[in-house]
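Engineer: I am attaching a structure below and will ask some questions about it afterwards.
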Amino acid sequence: MVQREPWSEARATAIIAEHVHLEGATLPILHALRENFGYVDEGAVPLIADALNVSRAEIHGCITFYHDFRRAPGGRHHVKLCRAEACQAMGSDALHAEILAGWGIDWHETTADGRVTVDPVYCLGLCANGPGALVDEMPVARLTRDGLQAALTEVSR
């Protein structure tokens, strides 16, 4: 688990200033904000738009188009479950439904205790060993519900 600092407009402004000179700076800025805070706060949208002289709608569009940019803090751990065809053929749809129901959440949500956020992804390259997942960027092949719990325990150490 990566520790993130709390949202700060002053820190966000500094991060934007560090990247504003880059060609195509929108995505590098968004990635840097995500790395620093764990998400892209809504307050960053006007800061980025002003720095790049683009509309707020353009920045909002980038944030909402790319699945890696969340607009609110996530859980302490991030689980990405593969929804591609090879994993579906190995029963991932039923497994995902069981996992989500067990935690009482849906896609893109965080458990009530703030421990886990779950997002869908489309192909992790673990096709021969599906279903696959990433738990805090650690690949998990032949995923089962117990295997997911074991991976979460491992990354919590």
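Residue names in the structure tokens use chain letters A, B, ... in the order shown, residue numbers from 1 in each chain, and ligand numbers from 1 in the order shown.
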Sorted by chain and rising residue number, list the residues of stretch 6-40 of chain A at most 9 Å from stretch 44-52 of chain A (counting only C-alpha atoms), each with its closest atom pair and distance in Å to one decimal, as a tab-separated table.
Structural biologist:
residue	atom	partner	partner_atom	distance
A:Glu9	CA	A:Ala44	CA	7.3
A:Ala12	CA	A:Ala44	CA	6.8
A:Thr13	CA	A:Leu47	CA	6.8
A:Ile16	CA	A:Ile48	CA	6.7
A:Ala17	CA	A:Ala51	CA	7.8
A:Val20	CA	A:Leu52	CA	6.8
A:Ala25	CA	A:Leu52	CA	7.8
A:Thr26	CA	A:Ile48	CA	7.7
A:Ile29	CA	A:Ile48	CA	7.9
A:Leu30	CA	A:Ile48	CA	8.7
A:Leu33	CA	A:Ala44	CA	8.5
A:Val40	CA	A:Ala44	CA	6.6
Engineer: Keeping N, CA, C and O atoms for every residue in the selection just given, could you write it to a file as a compact mmCIF listing (two decimals), in the first residue's frame?
Structural biologist:
# COMPACT_ATOMS: atom_id res chain seq x y z
N GLU A 9 -4.56 22.30 -2.13
CA GLU A 9 -4.56 23.13 -3.33
C GLU A 9 -3.17 23.69 -3.61
O GLU A 9 -2.73 23.74 -4.76
N ALA A 12 -1.10 20.90 -5.08
CA ALA A 12 -1.58 20.63 -6.43
C ALA A 12 -1.07 21.69 -7.40
O ALA A 12 -0.63 21.37 -8.51
N THR A 13 -1.11 22.94 -6.99
CA THR A 13 -0.62 24.02 -7.83
C THR A 13 0.86 23.84 -8.13
O THR A 13 1.31 24.04 -9.27
N ILE A 16 1.25 20.97 -10.66
CA ILE A 16 0.86 21.44 -12.00
C ILE A 16 1.99 22.28 -12.60
O ILE A 16 2.37 22.09 -13.76
N ALA A 17 2.55 23.17 -11.80
CA ALA A 17 3.64 24.03 -12.28
C ALA A 17 4.86 23.20 -12.71
O ALA A 17 5.57 23.58 -13.66
N VAL A 20 3.56 21.75 -16.32
CA VAL A 20 2.84 22.57 -17.29
C VAL A 20 3.66 22.83 -18.56
O VAL A 20 3.09 23.01 -19.64
N ALA A 25 0.63 18.28 -21.73
CA ALA A 25 0.82 18.26 -20.27
C ALA A 25 -0.38 17.72 -19.49
O ALA A 25 -0.22 17.35 -18.32
N THR A 26 -1.55 17.65 -20.08
CA THR A 26 -2.73 17.26 -19.32
C THR A 26 -2.55 15.90 -18.64
O THR A 26 -2.73 15.79 -17.42
N ILE A 29 0.15 15.78 -15.87
CA ILE A 29 -0.33 16.46 -14.67
C ILE A 29 -1.31 15.57 -13.91
O ILE A 29 -1.20 15.41 -12.69
N LEU A 30 -2.26 14.98 -14.62
CA LEU A 30 -3.24 14.11 -13.96
C LEU A 30 -2.56 12.92 -13.29
O LEU A 30 -2.90 12.55 -12.17
N LEU A 33 -0.78 14.14 -10.12
CA LEU A 33 -1.74 14.39 -9.04
C LEU A 33 -2.22 13.08 -8.43
O LEU A 33 -2.31 12.94 -7.21
N VAL A 40 -7.69 12.52 -8.26
CA VAL A 40 -7.65 13.89 -8.78
C VAL A 40 -8.85 14.62 -8.19
O VAL A 40 -10.00 14.40 -8.59
Engineer: Find the spatial neighbours of A:Trp103, counting only C-alpha atoms, within a cut-off of 12 Å - ignore same-chain residues fewer than 2 positions away - and output them as a list in words.
Structural biologist: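 What passes the distance filter is His96, Ala97, Glu98, Ile99, Leu100, Ala101, Ile105, Asp106, Trp107, Glu109, Thr110, Thr111, Ala112, Asp113, Gly114, Arg115, Val116, Thr117, Val118, Arg145 and Gln149 of chain A.
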Engineer: Any chance you could export the current selection's N, CA and C atoms as a PDB file, in the first residue's frame?
Structural biologist:
ATOM      1  N   HIS A  96     -16.808 -12.404  -9.726  1.00  0.00           N
ATOM      2  CA  HIS A  96     -16.876 -10.971  -9.446  1.00  0.00           C
ATOM      3  C   HIS A  96     -18.152 -10.621  -8.697  1.00  0.00           C
ATOM      4  N   ALA A  97     -19.260 -11.190  -9.144  1.00  0.00           N
ATOM      5  CA  ALA A  97     -20.535 -10.933  -8.467  1.00  0.00           C
ATOM      6  C   ALA A  97     -20.467 -11.383  -7.010  1.00  0.00           C
ATOM      7  N   GLU A  98     -19.856 -12.520  -6.760  1.00  0.00           N
ATOM      8  CA  GLU A  98     -19.709 -13.044  -5.397  1.00  0.00           C
ATOM      9  C   GLU A  98     -18.816 -12.124  -4.553  1.00  0.00           C
ATOM     10  N   ILE A  99     -17.713 -11.676  -5.123  1.00  0.00           N
ATOM     11  CA  ILE A  99     -16.787 -10.797  -4.406  1.00  0.00           C
ATOM     12  C   ILE A  99     -17.466  -9.469  -4.062  1.00  0.00           C
ATOM     13  N   LEU A 100     -18.082  -8.860  -5.062  1.00  0.00           N
ATOM     14  CA  LEU A 100     -18.728  -7.568  -4.843  1.00  0.00           C
ATOM     15  C   LEU A 100     -19.867  -7.677  -3.828  1.00  0.00           C
ATOM     16  N   ALA A 101     -20.683  -8.711  -3.964  1.00  0.00           N
ATOM     17  CA  ALA A 101     -21.790  -8.903  -3.014  1.00  0.00           C
ATOM     18  C   ALA A 101     -21.265  -9.144  -1.606  1.00  0.00           C
ATOM     19  N   ILE A 105     -20.556  -3.917  -2.186  1.00  0.00           N
ATOM     20  CA  ILE A 105     -20.242  -2.782  -3.050  1.00  0.00           C
ATOM     21  C   ILE A 105     -20.489  -3.146  -4.499  1.00  0.00           C
ATOM     22  N   ASP A 106     -20.344  -2.153  -5.364  1.00  0.00           N
ATOM     23  CA  ASP A 106     -20.420  -2.360  -6.807  1.00  0.00           C
ATOM     24  C   ASP A 106     -19.090  -1.890  -7.409  1.00  0.00           C
ATOM     25  N   TRP A 107     -18.974  -2.016  -8.706  1.00  0.00           N
ATOM     26  CA  TRP A 107     -17.765  -1.551  -9.390  1.00  0.00           C
ATOM     27  C   TRP A 107     -17.502  -0.089  -9.057  1.00  0.00           C
ATOM     28  N   GLU A 109     -16.482   1.215  -6.382  1.00  0.00           N
ATOM     29  CA  GLU A 109     -16.838   1.612  -5.019  1.00  0.00           C
ATOM     30  C   GLU A 109     -15.802   1.087  -4.034  1.00  0.00           C
ATOM     31  N   THR A 110     -15.903   1.626  -2.829  1.00  0.00           N
ATOM     32  CA  THR A 110     -14.991   1.283  -1.741  1.00  0.00           C
ATOM     33  C   THR A 110     -15.783   0.655  -0.615  1.00  0.00           C
ATOM     34  N   THR A 111     -15.206  -0.358   0.022  1.00  0.00           N
ATOM     35  CA  THR A 111     -15.879  -1.008   1.141  1.00  0.00           C
ATOM     36  C   THR A 111     -16.140   0.003   2.247  1.00  0.00           C
ATOM     37  N   ALA A 112     -17.159  -0.263   3.055  1.00  0.00           N
ATOM     38  CA  ALA A 112     -17.578   0.663   4.108  1.00  0.00           C
ATOM     39  C   ALA A 112     -16.446   0.971   5.087  1.00  0.00           C
ATOM     40  N   ASP A 113     -15.548   0.026   5.294  1.00  0.00           N
ATOM     41  CA  ASP A 113     -14.433   0.244   6.220  1.00  0.00           C
ATOM     42  C   ASP A 113     -13.256   0.967   5.568  1.00  0.00           C
ATOM     43  N   GLY A 114     -13.380   1.308   4.270  1.00  0.00           N
ATOM     44  CA  GLY A 114     -12.322   2.027   3.570  1.00  0.00           C
ATOM     45  C   GLY A 114     -11.128   1.177   3.208  1.00  0.00           C
ATOM     46  N   ARG A 115     -11.266  -0.114   3.340  1.00  0.00           N
ATOM     47  CA  ARG A 115     -10.115  -1.010   3.095  1.00  0.00           C
ATOM     48  C   ARG A 115      -9.834  -1.233   1.622  1.00  0.00           C
ATOM     49  N   VAL A 116     -10.881  -1.463   0.808  1.00  0.00           N
ATOM     50  CA  VAL A 116     -10.679  -1.906  -0.578  1.00  0.00           C
ATOM     51  C   VAL A 116     -11.574  -1.129  -1.535  1.00  0.00           C
ATOM     52  N   THR A 117     -10.983  -0.711  -2.651  1.00  0.00           N
ATOM     53  CA  THR A 117     -11.719  -0.168  -3.784  1.00  0.00           C
ATOM     54  C   THR A 117     -11.580  -1.168  -4.923  1.00  0.00           C
ATOM     55  N   VAL A 118     -12.681  -1.445  -5.623  1.00  0.00           N
ATOM     56  CA  VAL A 118     -12.670  -2.428  -6.706  1.00  0.00           C
ATOM     57  C   VAL A 118     -13.044  -1.761  -8.023  1.00  0.00           C
ATOM     58  N   ARG A 145     -12.025 -16.432  -4.534  1.00  0.00           N
ATOM     59  CA  ARG A 145     -12.339 -15.507  -3.440  1.00  0.00           C
ATOM     60  C   ARG A 145     -11.304 -15.639  -2.315  1.00  0.00           C
ATOM     61  N   GLN A 149      -8.480 -12.838  -0.867  1.00  0.00           N
ATOM     62  CA  GLN A 149      -8.262 -12.502   0.543  1.00  0.00           C
ATOM     63  C   GLN A 149      -6.801 -12.709   0.935  1.00  0.00           C
TER      64      GLN A 149
END
Engineer: What residues in chain A get the DSSP label strand (DSSP E)? Please answer as a list of chain:residue names.
Structural biologist: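 The strand (DSSP E) subset of chain A is A:His77, A:His78, A:Val79, A:Lys80, A:Leu81, A:Cys82, A:Glu109, A:Thr110, A:Val116, A:Thr117, A:Val118, A:Asp119, A:Pro120, A:Val121, A:Ala133, A:Leu134, A:Val135, A:Met138, A:Pro139, A:Val140.
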Engineer: Write the selection just made, keeping N, CA, C and O atoms, as a CSV table (one decimal), in the first residue's frame?
Structural biologist:
chain,number,residue,atom,x,y,z
A,77,HIS,N,-6.5,-0.2,-0.2
A,77,HIS,CA,-6.0,-1.2,-1.2
A,77,HIS,C,-6.9,-1.1,-2.5
A,77,HIS,O,-8.1,-0.8,-2.4
A,78,HIS,N,-6.2,-1.3,-3.6
A,78,HIS,CA,-6.9,-1.2,-4.9
A,78,HIS,C,-6.9,-2.5,-5.6
A,78,HIS,O,-5.8,-3.1,-5.9
A,79,VAL,N,-8.1,-3.1,-5.8
A,79,VAL,CA,-8.3,-4.3,-6.5
A,79,VAL,C,-8.8,-4.1,-7.9
A,79,VAL,O,-9.8,-3.4,-8.1
A,80,LYS,N,-8.1,-4.6,-8.9
A,80,LYS,CA,-8.6,-4.5,-10.3
A,80,LYS,C,-8.9,-5.9,-10.8
A,80,LYS,O,-8.1,-6.8,-10.7
A,81,LEU,N,-10.2,-6.1,-11.1
A,81,LEU,CA,-10.6,-7.5,-11.6
A,81,LEU,C,-10.8,-7.5,-13.1
A,81,LEU,O,-11.5,-6.6,-13.7
A,82,CYS,N,-10.2,-8.4,-13.7
A,82,CYS,CA,-10.2,-8.5,-15.2
A,82,CYS,C,-11.6,-9.0,-15.7
A,82,CYS,O,-12.1,-10.0,-15.2
A,109,GLU,N,-16.5,1.2,-6.4
A,109,GLU,CA,-16.8,1.6,-5.0
A,109,GLU,C,-15.8,1.1,-4.0
A,109,GLU,O,-15.0,0.2,-4.4
A,110,THR,N,-15.9,1.6,-2.8
A,110,THR,CA,-15.0,1.3,-1.7
A,110,THR,C,-15.8,0.7,-0.6
A,110,THR,O,-16.9,1.1,-0.3
A,116,VAL,N,-10.9,-1.5,0.8
A,116,VAL,CA,-10.7,-1.9,-0.6
A,116,VAL,C,-11.6,-1.1,-1.5
A,116,VAL,O,-12.8,-1.0,-1.3
A,117,THR,N,-11.0,-0.7,-2.7
A,117,THR,CA,-11.7,-0.2,-3.8
A,117,THR,C,-11.6,-1.2,-4.9
A,117,THR,O,-10.5,-1.7,-5.2
A,118,VAL,N,-12.7,-1.4,-5.6
A,118,VAL,CA,-12.7,-2.4,-6.7
A,118,VAL,C,-13.0,-1.8,-8.0
A,118,VAL,O,-14.1,-1.1,-8.1
A,119,ASP,N,-12.2,-2.0,-9.0
A,119,ASP,CA,-12.5,-1.5,-10.4
A,119,ASP,C,-12.3,-2.6,-11.4
A,119,ASP,O,-11.5,-3.5,-11.2
A,120,PRO,N,-13.1,-2.5,-12.5
A,120,PRO,CA,-13.0,-3.5,-13.6
A,120,PRO,C,-11.9,-3.0,-14.5
A,120,PRO,O,-11.6,-1.8,-14.6
A,121,VAL,N,-11.2,-4.0,-15.1
A,121,VAL,CA,-10.2,-3.7,-16.1
A,121,VAL,C,-10.4,-4.7,-17.2
A,121,VAL,O,-11.0,-5.8,-17.0
A,133,ALA,N,-6.4,-10.8,-11.6
A,133,ALA,CA,-6.6,-9.6,-10.9
A,133,ALA,C,-5.3,-8.9,-10.6
A,133,ALA,O,-4.2,-9.5,-10.7
A,134,LEU,N,-5.4,-7.6,-10.2
A,134,LEU,CA,-4.3,-6.9,-9.7
A,134,LEU,C,-4.7,-6.5,-8.3
A,134,LEU,O,-5.8,-5.9,-8.1
A,135,VAL,N,-3.9,-6.7,-7.3
A,135,VAL,CA,-4.1,-6.3,-5.9
A,135,VAL,C,-3.0,-5.3,-5.6
A,135,VAL,O,-1.8,-5.8,-5.4
A,138,MET,N,-0.1,-5.9,-7.7
A,138,MET,CA,0.5,-7.3,-7.7
A,138,MET,C,-0.4,-8.2,-8.5
A,138,MET,O,-1.6,-8.3,-8.1
A,139,PRO,N,0.0,-8.9,-9.5
A,139,PRO,CA,-0.8,-9.8,-10.3
A,139,PRO,C,-1.2,-11.0,-9.5
A,139,PRO,O,-0.4,-11.6,-8.8
A,140,VAL,N,-2.5,-11.4,-9.7
A,140,VAL,CA,-3.0,-12.6,-9.0
A,140,VAL,C,-3.7,-13.4,-10.2
A,140,VAL,O,-4.6,-13.0,-10.8
Engineer: Kindly give the distance, in Å, that separates atom CA of A:Glu23 and atom CA of A:Asn53, rounded to a single decimal.
Structural biologist: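 Between atom CA of A:Glu23 and atom CA of A:Asn53 the gap is 13.4 Å.
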Engineer: Tell me, which residues of stretch 6-119 of chain A carry DSSP alpha helix (DSSP H), written as a ChimeraX atom specification?
Structural biologist: /A:9-19,26-37,44-52,56-65,85-89,92-103
Engineer: Could you tell me how far atom CA of A:Val155 sits from atom CA of A:Phe69, in Å to one decimal place?
Structural biologist: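 Interatomic distance, atom CA of A:Phe69 to atom CA of A:Val155: 21.7 Å.
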Engineer: Pick the closest to A:Gly24 from A:Ala10, A:Cys87, A:Cys62, A:Leu143: which is it, counting only C-alpha atoms?
Structural biologist: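 Distance minimum relative to A:Gly24 lands on A:Cys62.
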Engineer: When you draw a straight line from atom CA of A:Met90 to atom CA of A:Ala128, how long is it in Å?
Structural biologist: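 Computing it gives 9.8 Å between the two atoms.
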Engineer: Restricting the calculation to only C-alpha atoms: of A:Gly43, A:Pro131, A:Gly147, A:Gly38, which residue gets closest to A:Ala94?
Structural biologist: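 Using only C-alpha atoms, the shortest distance to A:Ala94 belongs to A:Pro131.
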Engineer: Any idea what's packed within 6 Å of A:Ala141, counting only C-alpha atoms, ignoring anything in its chain fewer than 3 positions away? Could you give it as a ChimeraX atom specification?
Structural biologist: /A:129-130,132
Engineer: Can those selected residues be exported to a file as a CSV table (one decimal), in the first residue's frame so that it contains N, CA, C and O atoms?
Structural biologist:
chain,number,residue,atom,x,y,z
A,129,ASN,N,-4.1,-17.9,-17.4
A,129,ASN,CA,-4.2,-18.3,-16.0
A,129,ASN,C,-5.4,-17.6,-15.4
A,129,ASN,O,-5.3,-17.2,-14.2
A,130,GLY,N,-6.4,-17.3,-16.1
A,130,GLY,CA,-7.6,-16.6,-15.6
A,130,GLY,C,-8.4,-17.4,-14.7
A,130,GLY,O,-8.2,-18.6,-14.6
A,132,GLY,N,-8.0,-13.3,-13.7
A,132,GLY,CA,-6.9,-12.5,-13.2
A,132,GLY,C,-7.3,-11.3,-12.5
A,132,GLY,O,-8.4,-10.8,-12.6
